Amino acid sequence: MRHLVWILGLLLLLAPTTQAATFTIVNLDGANEGFNDTTPATPIGGNTGTTIGEQRLIAFQFAADVWGAILPSNVDIRIRAAFNPQTCDATSGVLGSAGAVQVFEDFPNAIKANTWYSVALANKLADFDLAPSGSQSDDISATFNSDIDNNPNCLANSNWYYGLDGNNGSDIDLVVVLLHEFGHGLGFQSFVNQLTGDLFAGLLDVYSSFLYDNDTMLHWGDMNNAQRAASVINTQRVAFDGPLAVNAAATTLGPKPGLIVNAPGGVVGFYEVGEAGFGPSVATTPATGDVVLLEDGTAPVNDGCEPITNAGALSGNIAMIDRGACSFASKVEAAQAAGAIGVIIVNNVAGPAVGMGGSSGIVTIPSVMVSIDDGNLLKAELGNGLNATIGVDTNQQAGADPIGRPLIFTPNPRQSGSSVSHWDTSASPNLLMEPAINSSLPHDSVDLTLPAFTDLGWLGNLTPAPVPTRPTELAGNFPNPFNPTTTIRFELASDGLASLRIFDMRGRHIRTLVTENLTAGTHDVSWNGQNDDGDAVASGVYFYRLETNDFRGIQRMVLLK
């Protein structure tokens, strides 16, 4: 048996179990600090402590007991914890971090051989303590920011809320943060080196064994180091495909918000968006209309940071606005005042659309962001009668890939401490293990994380759902953009006739790459940027379409010369 110590600096077949897990908080704080802070405090929200230190400890035990009531284990789970100063300023700061103290592999009752397990989960499966003595008897290491309370230089105007009732108002709900961080220590974490793709001490961890890349069509365990490092930044293309998590996503996640372009024909389709954190949900307040570019007369003239000069043109239509120096909320408020029925913000940096933060008490119209590439594509069609709907696609789920597997957070560029070991931020409703912890989350639910933990082995005594049959899939081409050649990968669920064709932005046929009977499985087809006559095509956006007797899928690619 091998084991290695693993201290996380930034975060983070089956043995029978008969009882709920018991958690013990190991207080590492010194006199008059952290859990031992004797500053008087008034009991609040069901927390009966009369000092700050007592309230902190009660909140810790409360959050631990929530997990304890959900997860079974005959082995005590020990959390060594402290409150210490952390990086912080008036607008941002580290709330806390937690992670597994050790990892084990090939212990008694391990589900997967040659695979790392966080120690608390390994102990549960083995049904005895694999490290019963010394400091290594602790299972989770947790540190939280002691500077937050009553400190204008650390998240000014926000304090820890120690109540147990969720009524935190504008303060930071410590219980929610604890539930999240303890989740990392219990196993919601990858041990793969995100910069190099190297496996920790040469072995894959059980969490990463369920990560699946929709472009390479490979699990992380089947990739080489370079492929894993590329997958770390393959935004919204990496999913967790544990069968129980996949099944639960169908009822946990809501419909996917997006921009549905209705005309003109060359750009018709569904476009990925980031939703606003203010104003109405696009699911409850959709908007359909012609799209008009906002103008404010001052360079840059389309960012809506100065008074609008074409208010009449916006009235009754959807305003398109460039991202700029002023707040998202102020742009939307100005467009709404001009009579716009919805707003599309165009990102000004490479990468996918992102959610828009901010607050507003007066916004009543829906607003979304599109990527800079999609925004430029749509701007080119404004003179051709661009019409769109800000709404949802009821056939897709927010935070899942096209076949319903929940997405993992893999932004580009990588975000240290957040990438990979979280659900993707596109999930709706908000999930406990997203990187940005939403303080409105309940104290009595761990949502989609519970079925994921069941896949990992925490609730292995339950009968697992059958692994879904791998469907036909059309992946993104690679590389993309490309010059002069690119590879298109697709997977067929069964033998049969398949066609793969390329079209330009106007829907004109360019090239037939495949039209023949193919066997089930993965296929790679190259395109050299030539049409059916052998002539090189111009730089631009092209679409490729895969059709079988039971599938039709379209993807977009860019040829750059």
# chains A, B, ... in the order shown; residues from 1 in each chain; ligands from 1
call {"tool": "residues_around", "arguments": {"residues": "segment 400-402 of chain A", "least_positions_apart": "3", "cutoff": "8 Å", "atoms": "only C-alpha atoms", "output": "NGL selection string"}}
result
:A and (236-237 or 239 or 249 or 253 or 396-397 or 405-407 or 427)
call {"tool": "select_by_dssp", "arguments": {"residues": "segment 44-241 of chain A", "states": "strand (DSSP E)", "output": "number ranges by chain"}}
result
A: 77-84, 96-100, 102-105, 115-118, 140-145, 160-161, 172-173, 204-205, 211-213, 218-219, 238-240
call {"tool": "write_last_selection", "arguments": {"atoms": "C-alpha atoms", "output": "compact mmCIF listing (two decimals), in the first residue's frame"}}
result
# COMPACT_ATOMS: atom_id res chain seq x y z
CA ILE A 77 -13.51 12.30 9.80
CA ARG A 78 -11.13 14.80 11.39
CA ILE A 79 -10.92 18.38 10.11
CA ARG A 80 -7.91 20.30 11.37
CA ALA A 81 -8.91 23.93 11.13
CA ALA A 82 -7.79 27.46 11.90
CA PHE A 83 -8.71 31.08 11.28
CA ASN A 84 -5.74 33.08 10.00
CA GLY A 96 -10.79 30.13 2.88
CA SER A 97 -9.43 26.85 1.59
CA ALA A 98 -9.64 23.17 2.37
CA GLY A 99 -8.36 19.93 0.96
CA ALA A 100 -7.42 16.35 1.70
CA GLN A 102 -3.45 12.55 2.33
CA VAL A 103 -4.33 10.32 -0.60
CA PHE A 104 -4.28 6.49 -0.72
CA GLU A 105 -4.38 3.86 -3.44
CA THR A 115 -6.07 5.22 -8.36
CA TRP A 116 -5.70 7.89 -5.69
CA TYR A 117 -8.53 8.49 -3.19
CA SER A 118 -8.78 11.35 -0.69
CA ILE A 140 -9.04 17.47 5.91
CA SER A 141 -7.00 20.65 6.38
CA ALA A 142 -9.01 23.88 6.46
CA THR A 143 -8.01 27.54 6.86
CA PHE A 144 -10.37 30.51 6.79
CA ASN A 145 -9.88 34.25 6.72
CA TRP A 160 -18.78 36.63 8.28
CA TYR A 161 -22.35 35.65 9.09
CA ILE A 172 -20.86 36.19 3.86
CA ASP A 173 -22.61 33.02 4.98
CA LEU A 204 -4.78 9.14 -11.73
CA ASP A 205 -7.16 10.18 -8.95
CA LEU A 211 -13.48 13.75 -16.57
CA TYR A 212 -14.31 13.46 -20.27
CA ASP A 213 -13.23 15.86 -23.04
CA LEU A 218 -11.20 10.79 -24.31
CA HIS A 219 -11.29 10.43 -20.55
CA VAL A 238 -15.00 18.91 -20.28
CA ALA A 239 -17.71 16.97 -18.45
CA PHE A 240 -18.05 14.70 -15.42
call {"tool": "select_by_dssp", "arguments": {"residues": "segment 218-321 of chain A", "states": "helix (DSSP H, G or I)", "output": "PyMOL selection string"}}
result
chain A and resi 220-222+225-231+243-252+265-267+311-314
call {"tool": "residues_around", "arguments": {"residues": "Ile344 of chain A", "least_positions_apart": "5", "cutoff": "8 Å", "atoms": "only C-alpha atoms", "output": "PyMOL selection string"}}
result
chain A and resi 318-321+367-370
call {"tool": "residues_around", "arguments": {"residues": "segment 271-275 of chain A", "least_positions_apart": "6", "cutoff": "10 Å", "atoms": "only C-alpha atoms", "output": "NGL selection string"}}
result
:A and (256-261 or 281-282 or 344-347 or 352-357 or 366-371 or 374-375 or 390 or 425-426)
call {"tool": "atom_distance", "arguments": {"atom1": "atom CA of Thr298 of chain A", "atom2": "atom CA of Gly312 of chain A"}}
result
17.6 Å
call {"tool": "closest_residue", "arguments": {"among": "A:Asn47, A:Gln189, A:Asn123, A:Asn247", "to": "Leu448 of chain A", "atoms": "only C-alpha atoms"}}
result
A:Asn247
call {"tool": "closest_residue", "arguments": {"among": "A:Thr252, A:Ser73, A:Asn317, A:Thr487", "to": "Leu513 of chain A", "atoms": "only C-alpha atoms"}}
result
A:Thr487
call {"tool": "residues_around", "arguments": {"residues": "Ala90 of chain A", "least_positions_apart": "5", "cutoff": "6 Å", "atoms": "only C-alpha atoms", "output": "short mmCIF file (atom, residue, chain, number, x, y, z; two decimals) with N, CA and C atoms, in the first residue's frame"}}
result
data_model
loop_
_atom_site.label_atom_id
_atom_site.label_comp_id
_atom_site.auth_asym_id
_atom_site.auth_seq_id
_atom_site.Cartn_x
_atom_site.Cartn_y
_atom_site.Cartn_z
N ASN A 153 -10.69 47.24 5.39
CA ASN A 153 -9.67 46.95 4.39
C ASN A 153 -9.77 45.53 3.85
N CYS A 154 -10.76 44.78 4.31
CA CYS A 154 -10.97 43.41 3.81
C CYS A 154 -12.45 43.23 3.51
N LEU A 155 -12.77 43.23 2.22
CA LEU A 155 -14.16 43.09 1.78
C LEU A 155 -15.06 44.06 2.54
N ALA A 156 -14.74 45.32 2.40
CA ALA A 156 -15.42 46.39 3.13
C ALA A 156 -16.93 46.21 3.10
#
call {"tool": "atom_distance", "arguments": {"atom1": "atom CA of Phe490 of chain A", "atom2": "atom CA of Val206 of chain A"}}
result
26.8 Å
call {"tool": "residues_around", "arguments": {"residues": "segment 415-420 of chain A", "least_positions_apart": "3", "cutoff": "10 Å", "atoms": "only C-alpha atoms", "output": "PDB file with C-alpha atoms, in the first residue's frame"}}
result
ATOM      1  CA  LEU A   8      -3.765  21.840  -0.772  1.00  0.00           C
ATOM      2  CA  GLY A   9      -2.489  25.407  -0.692  1.00  0.00           C
ATOM      3  CA  LEU A  10      -5.350  27.039  -2.498  1.00  0.00           C
ATOM      4  CA  LEU A  11      -8.532  25.027  -2.058  1.00  0.00           C
ATOM      5  CA  LEU A  12      -8.876  22.873  -2.326  1.00  0.00           C
ATOM      6  CA  SER A  97      -9.427  26.850   1.590  1.00  0.00           C
ATOM      7  CA  PHE A 188     -14.385  16.901  -5.130  1.00  0.00           C
ATOM      8  CA  GLN A 189     -10.864  17.677  -6.344  1.00  0.00           C
ATOM      9  CA  SER A 190      -8.363  16.714  -9.009  1.00  0.00           C
ATOM     10  CA  PHE A 191      -4.719  15.976  -8.209  1.00  0.00           C
ATOM     11  CA  VAL A 192      -3.521  16.306 -11.818  1.00  0.00           C
ATOM     12  CA  GLN A 194      -2.886  21.573 -14.373  1.00  0.00           C
ATOM     13  CA  LEU A 195       0.139  23.178 -16.051  1.00  0.00           C
ATOM     14  CA  SER A 208     -10.238  12.906 -12.566  1.00  0.00           C
ATOM     15  CA  LEU A 211     -13.478  13.750 -16.567  1.00  0.00           C
ATOM     16  CA  SER A 231      -8.154  19.873 -21.602  1.00  0.00           C
ATOM     17  CA  VAL A 232      -7.627  21.994 -18.468  1.00  0.00           C
ATOM     18  CA  ILE A 233      -8.328  25.103 -20.578  1.00  0.00           C
ATOM     19  CA  VAL A 238     -15.000  18.911 -20.281  1.00  0.00           C
ATOM     20  CA  ALA A 239     -17.711  16.975 -18.447  1.00  0.00           C
ATOM     21  CA  LEU A 407     -19.714  20.438 -17.182  1.00  0.00           C
ATOM     22  CA  ILE A 408     -16.520  21.041 -15.225  1.00  0.00           C
ATOM     23  CA  PHE A 409     -15.009  24.538 -14.862  1.00  0.00           C
ATOM     24  CA  THR A 410     -12.134  24.734 -17.393  1.00  0.00           C
ATOM     25  CA  PRO A 411     -11.713  28.423 -18.343  1.00  0.00           C
ATOM     26  CA  ASN A 412      -9.020  29.757 -20.643  1.00  0.00           C
ATOM     27  CA  TRP A 423     -18.767  22.588 -11.603  1.00  0.00           C
ATOM     28  CA  ASP A 424     -18.908  25.070 -14.487  1.00  0.00           C
ATOM     29  CA  GLU A 434     -19.160  26.178  -8.436  1.00  0.00           C
ATOM     30  CA  PRO A 435     -16.028  28.347  -8.059  1.00  0.00           C
ATOM     31  CA  ALA A 436     -18.015  31.468  -7.144  1.00  0.00           C
TER      32      ALA A 436
END
call {"tool": "residues_around", "arguments": {"residues": "Ala325 of chain A", "least_positions_apart": "6", "cutoff": "12 Å", "atoms": "only C-alpha atoms", "output": "JSON, numbers by chain"}}
result
{"A": [299, 300, 302, 303, 304, 305, 306, 331, 347, 348]}
call {"tool": "write_last_selection", "arguments": {"atoms": "N, CA and C atoms", "output": "JSON list (two decimals), in the first residue's frame"}}
result
[["chain", "number", "residue", "atom", "x", "y", "z"],
["A", 299, "ALA", "N", -15.96, 57.99, -28.91],
["A", 299, "ALA", "CA", -15.15, 56.79, -29.10],
["A", 299, "ALA", "C", -14.76, 56.16, -27.76],
["A", 300, "PRO", "N", -14.89, 54.83, -27.67],
["A", 300, "PRO", "CA", -15.51, 53.90, -28.62],
["A", 300, "PRO", "C", -17.02, 54.05, -28.63],
["A", 302, "ASN", "N", -19.68, 52.45, -29.44],
["A", 302, "ASN", "CA", -20.71, 51.43, -29.24],
["A", 302, "ASN", "C", -20.71, 50.81, -27.85],
["A", 303, "ASP", "N", -20.01, 51.43, -26.88],
["A", 303, "ASP", "CA", -19.91, 50.80, -25.57],
["A", 303, "ASP", "C", -20.94, 51.29, -24.56],
["A", 304, "GLY", "N", -21.73, 52.27, -24.94],
["A", 304, "GLY", "CA", -22.82, 52.71, -24.07],
["A", 304, "GLY", "C", -22.38, 53.34, -22.77],
["A", 305, "CYS", "N", -21.19, 53.91, -22.76],
["A", 305, "CYS", "CA", -20.69, 54.54, -21.54],
["A", 305, "CYS", "C", -20.94, 56.04, -21.51],
["A", 306, "GLU", "N", -21.48, 56.57, -22.60],
["A", 306, "GLU", "CA", -21.89, 57.97, -22.67],
["A", 306, "GLU", "C", -23.35, 58.02, -23.12],
["A", 331, "LYS", "N", -24.95, 49.99, -18.62],
["A", 331, "LYS", "CA", -25.25, 49.86, -20.05],
["A", 331, "LYS", "C", -26.69, 49.43, -20.26],
["A", 347, "ASN", "N", -18.47, 40.67, -25.84],
["A", 347, "ASN", "CA", -17.22, 40.63, -25.07],
["A", 347, "ASN", "C", -16.10, 41.32, -25.85],
["A", 348, "ASN", "N", -15.10, 41.84, -25.14],
["A", 348, "ASN", "CA", -13.99, 42.53, -25.80],
["A", 348, "ASN", "C", -12.67, 41.81, -25.61]]
call {"tool": "closest_residue", "arguments": {"among": "A:Gly93, A:Pro429, A:Pro413, A:Gly404", "to": "Ala350 of chain A", "atoms": "only C-alpha atoms"}}
result
A:Pro413
call {"tool": "closest_residue", "arguments": {"among": "A:Val363, A:Leu450, A:Leu432, A:Ala337", "to": "Glu181 of chain A", "atoms": "only C-alpha atoms"}}
result
A:Leu432
call {"tool": "closest_residue", "arguments": {"among": "A:Asn480, A:Gln19, A:Thr389, A:Asn168", "to": "His443 of chain A", "atoms": "only C-alpha atoms"}}
result
A:Asn168
call {"tool": "atom_distance", "arguments": {"atom1": "atom CA of Ala493 of chain A", "atom2": "atom CA of Ala226 of chain A"}}
result
27.6 Å
call {"tool": "closest_residue", "arguments": {"among": "A:Ser539, A:Thr38, A:Asn151, A:Thr51", "to": "Thr91 of chain A", "atoms": "only C-alpha atoms"}}
result
A:Asn151
